[in-house]
Amino acid sequence: KEENRAKLNEPKKKVPEKERIMAVDFTTPASTIKKPRKVVKPKTQKTKAIGESASTSSRMTIFYSTLTGSSERYAQKLHNQFKHVMENEPDLLNLDYVDDIDEFFLSPKTPGAIYILVLPSYETECPLDYFIDSLKETYNDFRIDSRPLSSLAGFSVFGIGDSESWGQEDKFCYQAKLVDKYLGKLGARRVFPLGTGCIKTTIDESFDEYIEHLTSELHNPTPASELADIADSDDEGEDDPSVMDVEDMGKPMRVKELAEAKQMVAKDSPTYKALTKQGYTVVGSHSGVKICRWTKSALRGRGSCYKFAFYGIKSHLCMETTPSLSCSNKCVFCWRHGTNPVGTTWRWQVDPPKAILDGALEGHYKKIKMMKGVPGVQAARFAEAFTVRHCALSLVGEPIFYPHINEFLEMLHAKHISSFLVCNAQHPTELAALKRVTQLYVSIDSSDKESLRKVDRPLYRDFWERLEACLDIIREKRTHRTVYRLTLVKNFNAEDVEGYADLIARGEPCFVEVKGMTYCGTSKNSVLSMENVPYYEEVQAFVEALETELQSRGLEYGLATEHAHSCCVLLAQKRFYINEKWYTHIDYAKFFELLESGTDFGPMDYIAETPSWAYYGSEEAGFNPVDVKHRRGKPVE
Ligand SMILES: Cc1cc2nc3c(=O)[nH]c(=O)nc-3n(C[C@H](O)[C@H](O)[C@H](O)COP(=O)(O)O)c2cc1C
Ligand code: SF4
């Protein structure tokens, strides 16, 4: 341990600023077991909601959710107004970014508080779906006090919708109505009844009127006991038809449920627009494909990604895709956080695997075609690129969340397309049920529970136990080529070498990829900056310390390969080091031959020799000497 610490603290050779290599590409993906809930108190009989009255001396929190910004604007207006009404300035929180919803809506950390919620409604998938599901789940959990929100002084909801387009079939502001209903069912008292406004017509009038009434109510509060009686009577007992509750994704949805389920990314949704603007092709309603920068680079003879150095994947033959754009984490480094759909259960329509594969290939080839006129594209590589040979299931979202992932993989393999599947270690049931992949990854974004909570912001309450269960499954999957992918985020998860060694000892993966985080630019919700991006020499120091730690525990791993350009180093089990040569590459033809023969086989049965230019410490540092390195648009001398 002392030695490791010393290594990490060792001053490294100074590298001139302009030559320092920052990490590139950072995409990790993120299914289902029922959530264990925080037990508050067994449900016996209803407790009467008696507490403080809501008044100007109460603490107020204004929550909003938004996709296109209007609810945020109105929430801000409300905040400005109530700064002058309340004795303490209210808190203003974006509900979509609240890490622990339970802190507010299961066991409120500020009893006596008032919650005001300004909420839009979306017929299509939106972050509010997850919030409403959580409220509903809390309400239906028999172990939880039936009125956990009775300690609040009160709440009120203002819904923003569009009555011109969604005035029919009770769709106008339907999500605000649902939140209002479930908060009432959970024992919170209405300070003022639900307000609604149509964004195209009456919003300003309705909102001002709402603020006026709310202010007046807080100045002249109704005694809590009177409100408690009203809250108690607020249990119509009927179930809500518009919230889909698909508890078990393995369980086929009933025909009626299927017809009612939302599309994860509908064509008219803001999420669809955001994704397509960012270069994604949305396939069907929940899958995506995007041509990555390394595919473009390889087409131009400027180098492949680190997977070429480590495993022999030519980037111009690789397609990056995901059959589930939804994820069960909200990782700090995820630049799509806020727009990507999240959830712990599959509650969307399901597209058939063939349609996804055909659509992904079509989308990929369309983007390849667009490269025709780009200067430097090599004719031979361009022609080859129309036969995809590898599929990286690591775009965004969580591929094993997709209910037909095994059929999808079989279809890939039938076309002799290798599969590199990255999962977020949150779905042990699906991981255990996963059939053969060419290489199976789990993302390990932290070495301990608390920092994992901070880095991945998981939706599951038992996220750590889920991760541990996934590592045990990785250990059992000895017939698979398994990989841990560690992404180092400075000041978040890049220090605890011993902790990571514990996790490696638990799963004993064939390989450990260690990669520096890529900075994806600032967004208003981003908590990271360039300061969190490790320099390559810091990544090297970490991996060297990790190797020493593993060796000291008798775990035979060695520093196999590197791709300095991607800030990435590979640790491999020593069984891949044969006669003083590394065999981290893959014999793809052999993999398909073994797969089709139906015999049992393991990771050692389809290895291929690693070229010396990819070795850790080699002069080329993982850059294929056949290609030409370019930086800032110019070849490197
Ligand atoms: C794809 C889409 C679906 C919508 N569905 C509904 C709906 O079901 N009911 C409703 O009242 N308004 C609906 N609206 C209108 C939005 O709720 C309204 O534009 C609101 O201002 C959006 O708030 P935001 O800007 O805070 O995201 C929808 C809007 C879009 C773009
Ligand atoms: S939140 Fe999901 S999609 Fe985003 S990086 Fe994390 S695992 Fe990937």
# chains A, B, ... in the order shown; residues from 1 in each chain; ligands from 1
$ residues_near_ligand --ligand "ligand 1" --cutoff "9 Å" --atoms "only C-alpha atoms and all ligand atoms" --output "compact mmCIF listing (two decimals) with C-alpha atoms, in the first residue's frame"
# COMPACT_ATOMS: atom_id res chain seq x y z
CA TYR A 64 -39.99 22.19 -11.45
CA SER A 65 -39.41 19.78 -14.29
CA THR A 66 -38.82 20.86 -17.85
CA LEU A 67 -37.81 19.74 -21.29
CA THR A 68 -38.08 22.93 -23.27
CA GLY A 69 -37.71 25.54 -20.52
CA SER A 70 -41.14 27.07 -19.99
CA SER A 71 -41.83 25.44 -16.61
CA GLU A 72 -38.41 26.56 -15.44
CA ARG A 73 -39.22 30.14 -16.43
CA TYR A 74 -42.50 30.12 -14.51
CA VAL A 118 -44.50 23.74 -11.45
CA LEU A 119 -44.87 20.90 -13.93
CA PRO A 120 -45.37 20.42 -17.65
CA SER A 121 -47.12 17.41 -19.18
CA TYR A 122 -45.86 15.24 -21.96
CA GLU A 123 -47.77 12.60 -23.82
CA THR A 124 -44.34 11.35 -24.84
CA GLU A 125 -41.60 10.12 -22.50
CA CYS A 126 -40.24 12.77 -20.13
CA GLY A 159 -49.57 22.46 -14.32
CA ILE A 160 -48.39 23.88 -17.62
CA GLY A 161 -49.82 22.25 -20.72
CA ASP A 162 -51.32 22.88 -24.08
CA SER A 163 -55.12 22.79 -24.09
CA GLU A 164 -55.29 23.45 -27.85
CA SER A 165 -53.45 20.29 -28.80
CA TRP A 166 -54.06 18.18 -25.70
CA GLY A 167 -57.44 19.41 -24.57
CA ASP A 170 -58.20 14.51 -20.24
CA LYS A 171 -54.69 14.93 -21.52
CA PHE A 172 -54.41 18.61 -20.68
CA CYS A 173 -51.95 18.93 -17.79
CA TYR A 174 -52.55 15.27 -16.99
CA GLN A 175 -49.16 14.76 -15.34
CA ALA A 176 -49.58 17.75 -13.02
CA GLY A 197 -52.35 27.18 -17.59
CA CYS A 198 -52.21 26.70 -21.33
CA ILE A 199 -48.84 27.68 -22.72
CA LYS A 200 -50.45 28.93 -25.93
CA ALA A 266 -41.27 9.46 -29.89
CA LYS A 267 -40.58 11.30 -33.14
CA ASP A 268 -42.36 14.46 -31.95
CA SER A 269 -40.61 14.57 -28.58
CA PRO A 270 -37.99 17.13 -27.52
CA THR A 271 -35.65 14.20 -26.70
$ residues_around --residues "A:Asp208" --least-positions-apart "3" --cutoff "12 Å" --atoms "only C-alpha atoms" --output "CSV table (one decimal) with C-alpha atoms, in the first residue's frame"
chain,number,residue,atom,x,y,z
A,74,TYR,CA,-42.5,30.1,-14.5
A,75,ALA,CA,-40.9,28.4,-11.5
A,77,LYS,CA,-41.0,33.8,-11.6
A,78,LEU,CA,-42.7,32.2,-8.7
A,81,GLN,CA,-42.3,36.6,-6.2
A,158,PHE,CA,-49.3,24.3,-11.0
A,195,GLY,CA,-53.7,25.4,-10.9
A,196,THR,CA,-53.3,25.0,-14.7
A,197,GLY,CA,-52.4,27.2,-17.6
A,202,THR,CA,-54.0,31.8,-20.8
A,203,ILE,CA,-50.8,30.9,-19.0
A,204,ASP,CA,-49.8,34.4,-17.8
A,205,GLU,CA,-53.2,35.2,-16.5
A,211,ILE,CA,-49.7,33.3,-7.3
A,212,GLU,CA,-52.1,35.8,-5.9
A,213,HIS,CA,-54.3,33.2,-4.3
A,214,LEU,CA,-51.4,31.2,-3.0
A,215,THR,CA,-49.9,34.4,-1.4
$ closest_residue --among "A:Glu89, A:Asp456, A:Glu407, A:Asp99" --to "ligand 2" --atoms "only C-alpha atoms and all ligand atoms"
A:Asp456
$ closest_residue --among "A:Leu452, A:Leu361, A:Ala572, A:Val377" --to "ligand 2" --atoms "only C-alpha atoms and all ligand atoms"
A:Leu452
$ atom_distance --atom1 "atom CA of A:Cys318" --atom2 "atom CA of A:Arg381"
11.9 Å
$ residues_around --residues "stretch 588-592 of chain A" --least-positions-apart "6" --cutoff "8 Å" --atoms "only C-alpha atoms" --output "PyMOL selection string"
chain A and resi 413+416+418+438+605-606
$ select_by_dssp --residues "stretch 96-207 of chain A" --states "strand (DSSP E or B)" --output "tab-separated table (two decimals) with N, CA and C atoms, in the first residue's frame"
chain	number	residue	atom	x	y	z
A	114	ILE	N	-43.14	23.59	2.81
A	114	ILE	CA	-44.18	23.66	1.79
A	114	ILE	C	-43.53	23.33	0.46
A	115	TYR	N	-44.16	22.48	-0.34
A	115	TYR	CA	-43.65	22.18	-1.67
A	115	TYR	C	-44.58	22.80	-2.71
A	116	ILE	N	-44.00	23.59	-3.60
A	116	ILE	CA	-44.76	24.08	-4.74
A	116	ILE	C	-44.15	23.45	-5.98
A	117	LEU	N	-44.95	22.85	-6.82
A	117	LEU	CA	-44.42	22.16	-7.99
A	117	LEU	C	-44.98	22.76	-9.28
A	118	VAL	N	-44.08	23.18	-10.15
A	118	VAL	CA	-44.50	23.74	-11.45
A	118	VAL	C	-44.13	22.70	-12.50
A	119	LEU	N	-45.14	22.09	-13.12
A	119	LEU	CA	-44.87	20.90	-13.93
A	119	LEU	C	-45.53	20.93	-15.30
A	120	PRO	N	-44.77	20.56	-16.33
A	120	PRO	CA	-45.37	20.42	-17.65
A	120	PRO	C	-46.04	19.05	-17.78
A	154	GLY	N	-47.55	21.58	3.70
A	154	GLY	CA	-48.50	21.56	2.59
A	154	GLY	C	-47.82	21.55	1.24
A	155	PHE	N	-48.64	21.47	0.20
A	155	PHE	CA	-48.11	21.48	-1.16
A	155	PHE	C	-49.14	22.11	-2.08
A	156	SER	N	-48.64	22.50	-3.24
A	156	SER	CA	-49.56	22.93	-4.30
A	156	SER	C	-48.88	22.69	-5.64
A	157	VAL	N	-49.65	22.33	-6.65
A	157	VAL	CA	-49.10	22.03	-7.98
A	157	VAL	C	-49.68	23.00	-8.99
A	158	PHE	N	-48.79	23.53	-9.85
A	158	PHE	CA	-49.29	24.30	-10.99
A	158	PHE	C	-48.88	23.55	-12.26
A	159	GLY	N	-49.84	23.21	-13.10
A	159	GLY	CA	-49.57	22.46	-14.32
A	159	GLY	C	-49.51	23.37	-15.54
A	160	ILE	N	-48.50	23.13	-16.37
A	160	ILE	CA	-48.39	23.88	-17.62
A	160	ILE	C	-48.59	22.88	-18.76
A	161	GLY	N	-49.53	23.18	-19.62
A	161	GLY	CA	-49.82	22.25	-20.72
A	161	GLY	C	-50.27	23.01	-21.94
A	190	ARG	N	-53.12	20.05	0.70
A	190	ARG	CA	-53.09	21.09	-0.34
A	190	ARG	C	-53.19	22.47	0.27
A	195	GLY	N	-53.44	24.40	-9.91
A	195	GLY	CA	-53.65	25.43	-10.92
A	195	GLY	C	-53.18	24.92	-12.26
A	196	THR	N	-53.77	25.37	-13.33
A	196	THR	CA	-53.31	24.97	-14.65
A	196	THR	C	-53.29	26.17	-15.60
A	197	GLY	N	-52.41	26.11	-16.59
A	197	GLY	CA	-52.35	27.18	-17.59
A	197	GLY	C	-51.96	26.61	-18.94
A	198	CYS	N	-52.55	27.17	-19.98
A	198	CYS	CA	-52.21	26.70	-21.33
A	198	CYS	C	-51.10	27.58	-21.88
$ closest_residue --among "A:Ala608, A:Ile578, A:Ala541, A:Leu395" --to "ligand 2" --atoms "only C-alpha atoms and all ligand atoms"
A:Leu395
$ residues_around --residues "A:Pro90" --least-positions-apart "6" --cutoff "9 Å" --atoms "only C-alpha atoms" --output "JSON, numbers by chain"
{"A": [59, 60, 61, 62, 79, 82, 83]}
$ residues_around --residues "stretch 503-515 of chain A" --least-positions-apart "3" --cutoff "7 Å" --atoms "only C-alpha atoms" --output "list in words"
Leu471, Asp472, Ile474, Arg475, Arg481, Thr482, Val483, Tyr484, Arg485, Leu486, Thr487, Leu488, Gly499, Tyr500, Cys567, Cys568, Val569, Leu570, Leu571, Ala572 and Gln573 of chain A
$ closest_residue --among "A:Gly279, A:Gly284, A:Pro625, A:Gly397" --to "ligand 2" --atoms "only C-alpha atoms and all ligand atoms"
A:Gly397
$ closest_residue --among "A:Glu103, A:Asp96, A:Asp462, A:Asp600" --to "A:Tyr130" --atoms "only C-alpha atoms"
A:Asp96
$ residues_around --residues "A:Val282" --least-positions-apart "3" --cutoff "9 Å" --atoms "only C-alpha atoms" --output "ChimeraX atom specification"
/A:265,267,272,275-276,285-290,325,359-360,363
$ closest_residue --among "A:Phe63, A:Tyr441, A:Tyr577, A:Phe310" --to "A:Ile101" --atoms "only C-alpha atoms"
A:Phe63
$ select_by_dssp --residues "stretch 489-558 of chain A" --states "alpha helix (DSSP H)" --output "list in words"
Val497, Glu498, Gly499, Tyr500, Ala501, Asp502, Leu503, Ile504, Ala505, Arg506, Gly507, Tyr536, Glu537, Glu538, Val539, Gln540, Ala541, Phe542, Val543, Glu544, Ala545, Leu546, Glu547, Thr548, Glu549, Leu550, Gln551 and Ser552 of chain A
$ write_last_selection --atoms "C-alpha atoms" --output "compact mmCIF listing (two decimals), in the first residue's frame"
# COMPACT_ATOMS: atom_id res chain seq x y z
CA VAL A 497 -6.35 1.75 -5.70
CA GLU A 498 -7.04 -0.77 -2.88
CA GLY A 499 -10.79 -0.41 -3.30
CA TYR A 500 -10.60 -1.13 -7.01
CA ALA A 501 -8.31 -4.11 -6.31
CA ASP A 502 -11.02 -5.50 -3.98
CA LEU A 503 -13.56 -5.28 -6.80
CA ILE A 504 -11.17 -6.93 -9.26
CA ALA A 505 -10.51 -9.72 -6.75
CA ARG A 506 -14.27 -10.24 -6.50
CA GLY A 507 -15.03 -10.56 -10.24
CA TYR A 536 -2.33 10.52 -19.26
CA GLU A 537 0.61 10.29 -16.86
CA GLU A 538 -1.87 10.34 -13.97
CA VAL A 539 -3.79 7.46 -15.56
CA GLN A 540 -0.49 5.60 -16.00
CA ALA A 541 0.49 6.18 -12.37
CA PHE A 542 -2.89 4.85 -11.26
CA VAL A 543 -2.67 1.70 -13.41
CA GLU A 544 0.89 0.97 -12.33
CA ALA A 545 -0.13 1.28 -8.68
CA LEU A 546 -3.12 -0.96 -9.35
CA GLU A 547 -0.94 -3.61 -10.98
CA THR A 548 1.40 -3.58 -7.97
CA GLU A 549 -1.54 -3.90 -5.60
CA LEU A 550 -3.00 -6.84 -7.57
CA GLN A 551 0.37 -8.59 -7.70
CA SER A 552 0.80 -8.15 -3.94
